[in-house]
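Undergrad: My structure file model_30.tsv, TSV, C-alpha atoms, is below:
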chain	number	residue	atom	x	y	z
G	1	MET	CA	110.41	95.33	59.21
G	2	ASP	CA	111.23	98.81	57.95
G	3	ALA	CA	108.94	101.78	58.60
G	4	LYS	CA	107.43	101.96	55.09
G	5	ASN	CA	106.39	98.27	55.17
G	6	LYS	CA	104.87	98.51	58.65
G	7	PRO	CA	101.22	97.38	58.72
G	8	PRO	CA	98.66	100.09	59.46
G	9	ASP	CA	97.76	100.66	63.10
G	10	ALA	CA	94.86	98.35	63.86
G	11	GLN	CA	93.60	100.42	66.79
G	12	SER	CA	90.52	102.55	66.37
G	13	LEU	CA	90.77	106.20	67.38
G	14	ILE	CA	88.71	105.46	70.49
G	15	GLU	CA	91.06	102.62	71.49
G	16	ALA	CA	94.12	104.77	70.83
G	17	ARG	CA	92.73	107.63	72.92
G	18	PHE	CA	91.91	105.20	75.73
G	19	GLU	CA	95.49	103.88	75.70
G	20	ALA	CA	96.83	107.44	75.61
G	21	GLN	CA	94.76	108.33	78.68
G	22	LYS	CA	96.30	105.39	80.56
G	23	ILE	CA	99.69	106.97	79.93
G	24	VAL	CA	98.50	110.46	80.85
G	25	PHE	CA	96.97	109.42	84.17
G	26	GLY	CA	99.41	106.58	84.88
G	27	PRO	CA	101.48	108.42	87.51
G	28	ILE	CA	98.34	109.42	89.42
G	29	LEU	CA	96.88	105.92	89.30
G	30	PHE	CA	100.25	104.48	90.37
G	31	GLN	CA	100.32	106.68	93.47
G	32	ALA	CA	96.69	105.90	94.32
G	33	ALA	CA	97.21	102.13	93.89
G	34	ARG	CA	100.33	102.29	96.05
G	35	LEU	CA	98.43	104.12	98.79
G	36	LEU	CA	95.52	101.68	98.56
G	37	ARG	CA	98.12	98.98	99.26
G	38	ASP	CA	100.20	100.81	101.87
G	39	LEU	CA	97.26	102.19	103.86
G	40	GLY	CA	95.70	98.72	104.21
G	41	ILE	CA	92.64	99.34	102.05
G	42	LEU	CA	93.36	96.50	99.60
G	43	ARG	CA	94.12	94.13	102.50
G	44	THR	CA	90.81	95.10	104.12
G	45	LEU	CA	88.96	94.40	100.86
G	46	ARG	CA	90.70	91.03	100.46
G	47	SER	CA	89.18	89.93	103.78
G	48	ALA	CA	85.61	90.47	102.50
G	49	GLN	CA	84.77	88.53	99.35
G	50	SER	CA	81.34	90.14	99.02
G	51	GLY	CA	82.96	93.56	99.27
G	52	LEU	CA	82.66	96.42	101.73
G	53	THR	CA	80.99	99.81	101.75
G	54	LEU	CA	82.97	103.03	101.94
G	55	ASP	CA	82.04	103.44	105.61
G	56	GLN	CA	83.07	99.86	106.43
G	57	ILE	CA	86.44	100.37	104.77
G	58	ALA	CA	87.01	103.76	106.40
G	59	GLY	CA	86.13	102.25	109.78
G	60	SER	CA	88.74	99.51	109.27
G	61	VAL	CA	91.75	101.63	108.29
G	62	ALA	CA	93.48	104.61	109.87
G	63	THR	CA	92.61	106.91	106.96
G	64	PRO	CA	89.89	109.58	106.88
G	65	ARG	CA	86.71	108.68	104.97
G	66	TYR	CA	87.40	111.42	102.41
G	67	GLY	CA	90.84	109.97	101.66
G	68	VAL	CA	89.45	106.45	101.39
G	69	ARG	CA	86.79	107.70	98.94
G	70	VAL	CA	89.34	109.53	96.78
G	71	LEU	CA	91.61	106.48	96.68
G	72	LEU	CA	88.74	104.11	95.89
G	73	GLU	CA	87.61	106.33	93.01
G	74	ALA	CA	91.14	106.25	91.61
G	75	GLY	CA	91.24	102.51	92.27
G	76	LEU	CA	88.12	102.10	90.15
G	77	ALA	CA	89.82	103.95	87.29
G	78	ALA	CA	92.96	101.86	87.74
G	79	GLY	CA	91.01	98.60	87.82
G	80	VAL	CA	92.32	97.51	91.23
G	81	VAL	CA	88.84	97.63	92.77
G	82	ARG	CA	85.38	97.37	91.26
G	83	ALA	CA	82.03	98.61	92.52
G	84	GLU	CA	79.10	96.28	93.06
G	85	GLY	CA	76.30	98.58	94.11
G	86	GLU	CA	77.49	100.38	97.24
G	87	ARG	CA	80.25	97.83	97.86
G	88	TYR	CA	83.84	97.83	96.70
G	89	VAL	CA	85.48	94.54	95.75
G	90	LEU	CA	89.16	93.72	95.18
G	91	THR	CA	89.97	92.79	91.55
G	92	LYS	CA	92.67	90.37	90.39
G	93	SER	CA	94.86	93.36	89.51
G	94	GLY	CA	94.30	94.71	93.02
G	95	ALA	CA	95.28	91.32	94.45
G	96	CYS	CA	98.52	91.51	92.44
G	97	ILE	CA	99.22	95.01	93.78
G	98	LEU	CA	98.66	93.63	97.28
G	99	SER	CA	100.36	90.24	97.20
G	100	ASP	CA	102.40	89.54	94.07
G	101	ASP	CA	106.16	89.71	94.78
G	102	LEU	CA	107.09	90.96	91.31
G	103	THR	CA	104.50	93.73	91.48
G	104	ARG	CA	105.46	94.77	95.04
G	105	ILE	CA	109.17	94.84	94.22
G	106	ASN	CA	108.64	96.84	91.03
G	107	MET	CA	106.19	99.25	92.70
G	108	ASP	CA	108.54	99.89	95.63
G	109	PHE	CA	111.49	100.34	93.27
G	110	VAL	CA	109.63	102.84	91.09
G	111	GLN	CA	108.31	104.75	94.12
G	112	ASN	CA	111.52	104.84	96.15
G	113	CYS	CA	114.22	104.90	93.46
G	114	CYS	CA	112.73	106.29	90.25
G	115	PHE	CA	109.66	108.45	90.75
G	116	GLN	CA	111.26	111.65	92.04
G	117	ALA	CA	114.28	111.37	89.76
G	118	MET	CA	112.08	110.96	86.67
G	119	TYR	CA	110.82	114.51	87.17
G	120	TYR	CA	114.24	115.55	85.83
G	121	LEU	CA	114.25	113.22	82.81
G	122	GLU	CA	114.04	116.06	80.29
G	123	ASP	CA	116.96	117.84	81.98
G	124	SER	CA	118.95	114.60	81.94
G	125	ILE	CA	118.29	114.08	78.23
G	126	ARG	CA	119.20	117.66	77.33
G	127	GLU	CA	122.28	117.82	79.57
G	128	ARG	CA	123.45	114.26	78.84
G	129	ARG	CA	123.90	113.46	82.53
G	130	PRO	CA	121.82	111.94	85.35
G	131	VAL	CA	120.26	115.15	86.70
G	132	GLY	CA	117.52	113.28	88.58
G	133	LEU	CA	120.03	110.99	90.27
G	134	GLU	CA	122.02	114.01	91.39
G	135	LYS	CA	118.97	115.96	92.61
G	136	VAL	CA	117.46	113.07	94.53
G	137	PHE	CA	120.39	110.94	95.72
G	138	GLY	CA	123.53	113.06	95.45
G	139	ASN	CA	126.35	113.87	93.07
G	140	TRP	CA	126.84	110.49	91.38
G	141	ASN	CA	127.38	109.52	87.74
G	142	THR	CA	125.56	106.21	88.31
G	143	ILE	CA	123.61	104.72	91.18
G	144	TYR	CA	126.13	101.96	91.91
G	145	PRO	CA	128.70	103.92	93.95
G	146	ALA	CA	125.83	105.47	95.93
G	147	LEU	CA	124.23	102.18	96.97
G	148	PRO	CA	126.04	101.73	100.32
G	149	THR	CA	125.02	105.22	101.43
G	150	LEU	CA	121.53	105.34	99.92
G	151	ALA	CA	118.89	106.29	102.47
G	152	GLU	CA	116.05	103.93	103.28
G	153	PRO	CA	113.66	102.97	101.84
G	154	ALA	CA	115.49	103.53	98.54
G	155	ARG	CA	118.40	101.22	99.40
G	156	LYS	CA	116.18	98.31	100.44
G	157	SER	CA	113.94	98.79	97.41
G	158	TRP	CA	116.89	98.94	95.02
G	159	TYR	CA	118.51	95.79	96.44
G	160	ARG	CA	115.22	93.86	96.45
G	161	TRP	CA	114.66	94.89	92.81
G	162	ASP	CA	118.22	94.06	91.77
G	163	HIS	CA	118.23	90.68	93.52
G	164	TYR	CA	114.84	89.73	92.13
G	165	TYR	CA	116.09	90.12	88.57
G	166	SER	CA	119.76	89.22	88.90
G	167	ASP	CA	119.20	86.17	91.13
G	168	ALA	CA	116.94	84.67	88.46
G	169	ALA	CA	119.42	85.43	85.68
G	170	PHE	CA	122.55	84.33	87.53
G	171	PRO	CA	122.14	80.52	87.10
G	172	GLU	CA	121.52	80.99	83.37
G	173	ALA	CA	124.72	83.01	83.07
G	174	LEU	CA	126.78	80.18	84.53
Go through the file and emit its structure as structure tokens.

TA:
Amino acid sequence: MDAKNKPPDAQSLIEARFEAQKIVFGPILFQAARLLRDLGILRTLRSAQSGLTLDQIAGSVATPRYGVRVLLEAGLAAGVVRAEGERYVLTKSGACILSDDLTRINMDFVQNCCFQAMYYLEDSIRERRPVGLEKVFGNWNTIYPALPTLAEPARKSWYRWDHYYSDAAFPEAL
């Protein structure tokens, strides 16, 4: 369909602004959700179906109460936890962040292989070269020659990501 025959956007302004805010705050919510996973907060919530209070969670993980509160507030915005009175409960999205292989592999790949390099995306576009790759991982034109010497956890994350997608596609290619 060409641009002039495209149907009008069906979103209301409120819906469009809401979607735009997801993009704006996405990197912050990503980091908070990752820390909720990596610091054991989501795992702690999974063990209590009726939910836990802030103090119960903070007493179960090696993270200061203030940090747990900040992460839970971001987790509410991200939809990975929900509040039921004074208790926090793990949502289905939170369970995916915690346990789903696809989500874990993609999250680790983005965190360990992409996040820092994406800071230089504008430079890369303007200069027509992988500035972020060079700044984060070394003087390479592509990631492939760097893979054997990539530091952990980037190397493990990259290989897990690559194998997840290529292993599934390989039989179809035969």

Undergrad: Find the nearest atom pair between each residue of segment 88-154 of chain G and segment 48-69 of chain G for residues within 9 Å, count only C-alpha atoms, give distances in Å to one decimal, sort rows by chain and ascending number, and present the table as CSV.

TA:
residue,atom,partner,partner_atom,distance
G:Tyr88,CA,G:Gly51,CA,5.1
G:Val89,CA,G:Gly51,CA,4.4
G:Leu90,CA,G:Gly51,CA,7.4

Undergrad: Might you pull out every residue within 10 Å of segment 19-23 of chain G, with all atoms listed in the file counted and same-chain residues fewer than 6 positions away left off, and present them as a count of residues only?

TA: 5

Undergrad: Could you please give me, as a PyMOL selection string, the residues of protein, DNA or RNA lying at most 7 Å from (117.0, 107.1, 98.5) in the coordinate frame of the file, considering all atoms listed in the file?

TA: chain G and resi 112-113+137+150-155

Undergrad: What separation in Å, quoted to one decimal, exists between atom CA of Ala83 of chain G and atom CA of Leu36 of chain G?

TA: 15.1 Å

Undergrad: Could you work out how far atom CA of Ile41 of chain G lies from atom CA of Ile28 of chain G, giving the answer in Å with one decimal?

TA: 17.1 Å

Undergrad: Of the candidates G:Pro148, G:Val81, G:Gly26, G:Glu122, which shows the shortest atom-to-atom distance to Leu98 of chain G, using all atoms listed in the file?

TA: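 For Leu98 of chain G, the nearest of the given residues is G:Val81.
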
Undergrad: Between atom CA of Ser157 of chain G and atom CA of Ile143 of chain G, what is the spacing in Å?

TA: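 Taking atom CA of Ile143 of chain G as the start and atom CA of Ser157 of chain G as the end point, the length is 12.9 Å.
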
Undergrad: Would you please work out which residue, of G:Val80, G:Val70, G:Ala10, G:Ala95, is nearest to Arg46 of chain G when using only C-alpha atoms?

TA: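 Among the listed residues, the smallest separation from Arg46 of chain G belongs to G:Ala95.
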
Undergrad: So that I can see what lies close to Met118 of chain G, please list as a PyMOL selection string the residues with an atom at most 12 Å from it, counting only C-alpha atoms and leaving out residues fewer than 4 positions away in the same chain.

TA: chain G and resi 27+110-114+122-125+130-136

Undergrad: With all atoms listed in the file as the basis for distance, which of G:Leu102, G:Leu71, G:Ala146, G:Ile97 is at the shortest distance from Ala32 of chain G?

TA: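 Going through G:Leu102, G:Leu71, G:Ala146, G:Ile97 one by one, the smallest distance to Ala32 of chain G is for G:Leu71.
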
Undergrad: Which one of G:Ala33, G:Cys96, G:Leu45, G:Ile105 sits closest to Glu73 of chain G if you count only C-alpha atoms?

TA: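 For Glu73 of chain G, the nearest of the given residues is G:Ala33.
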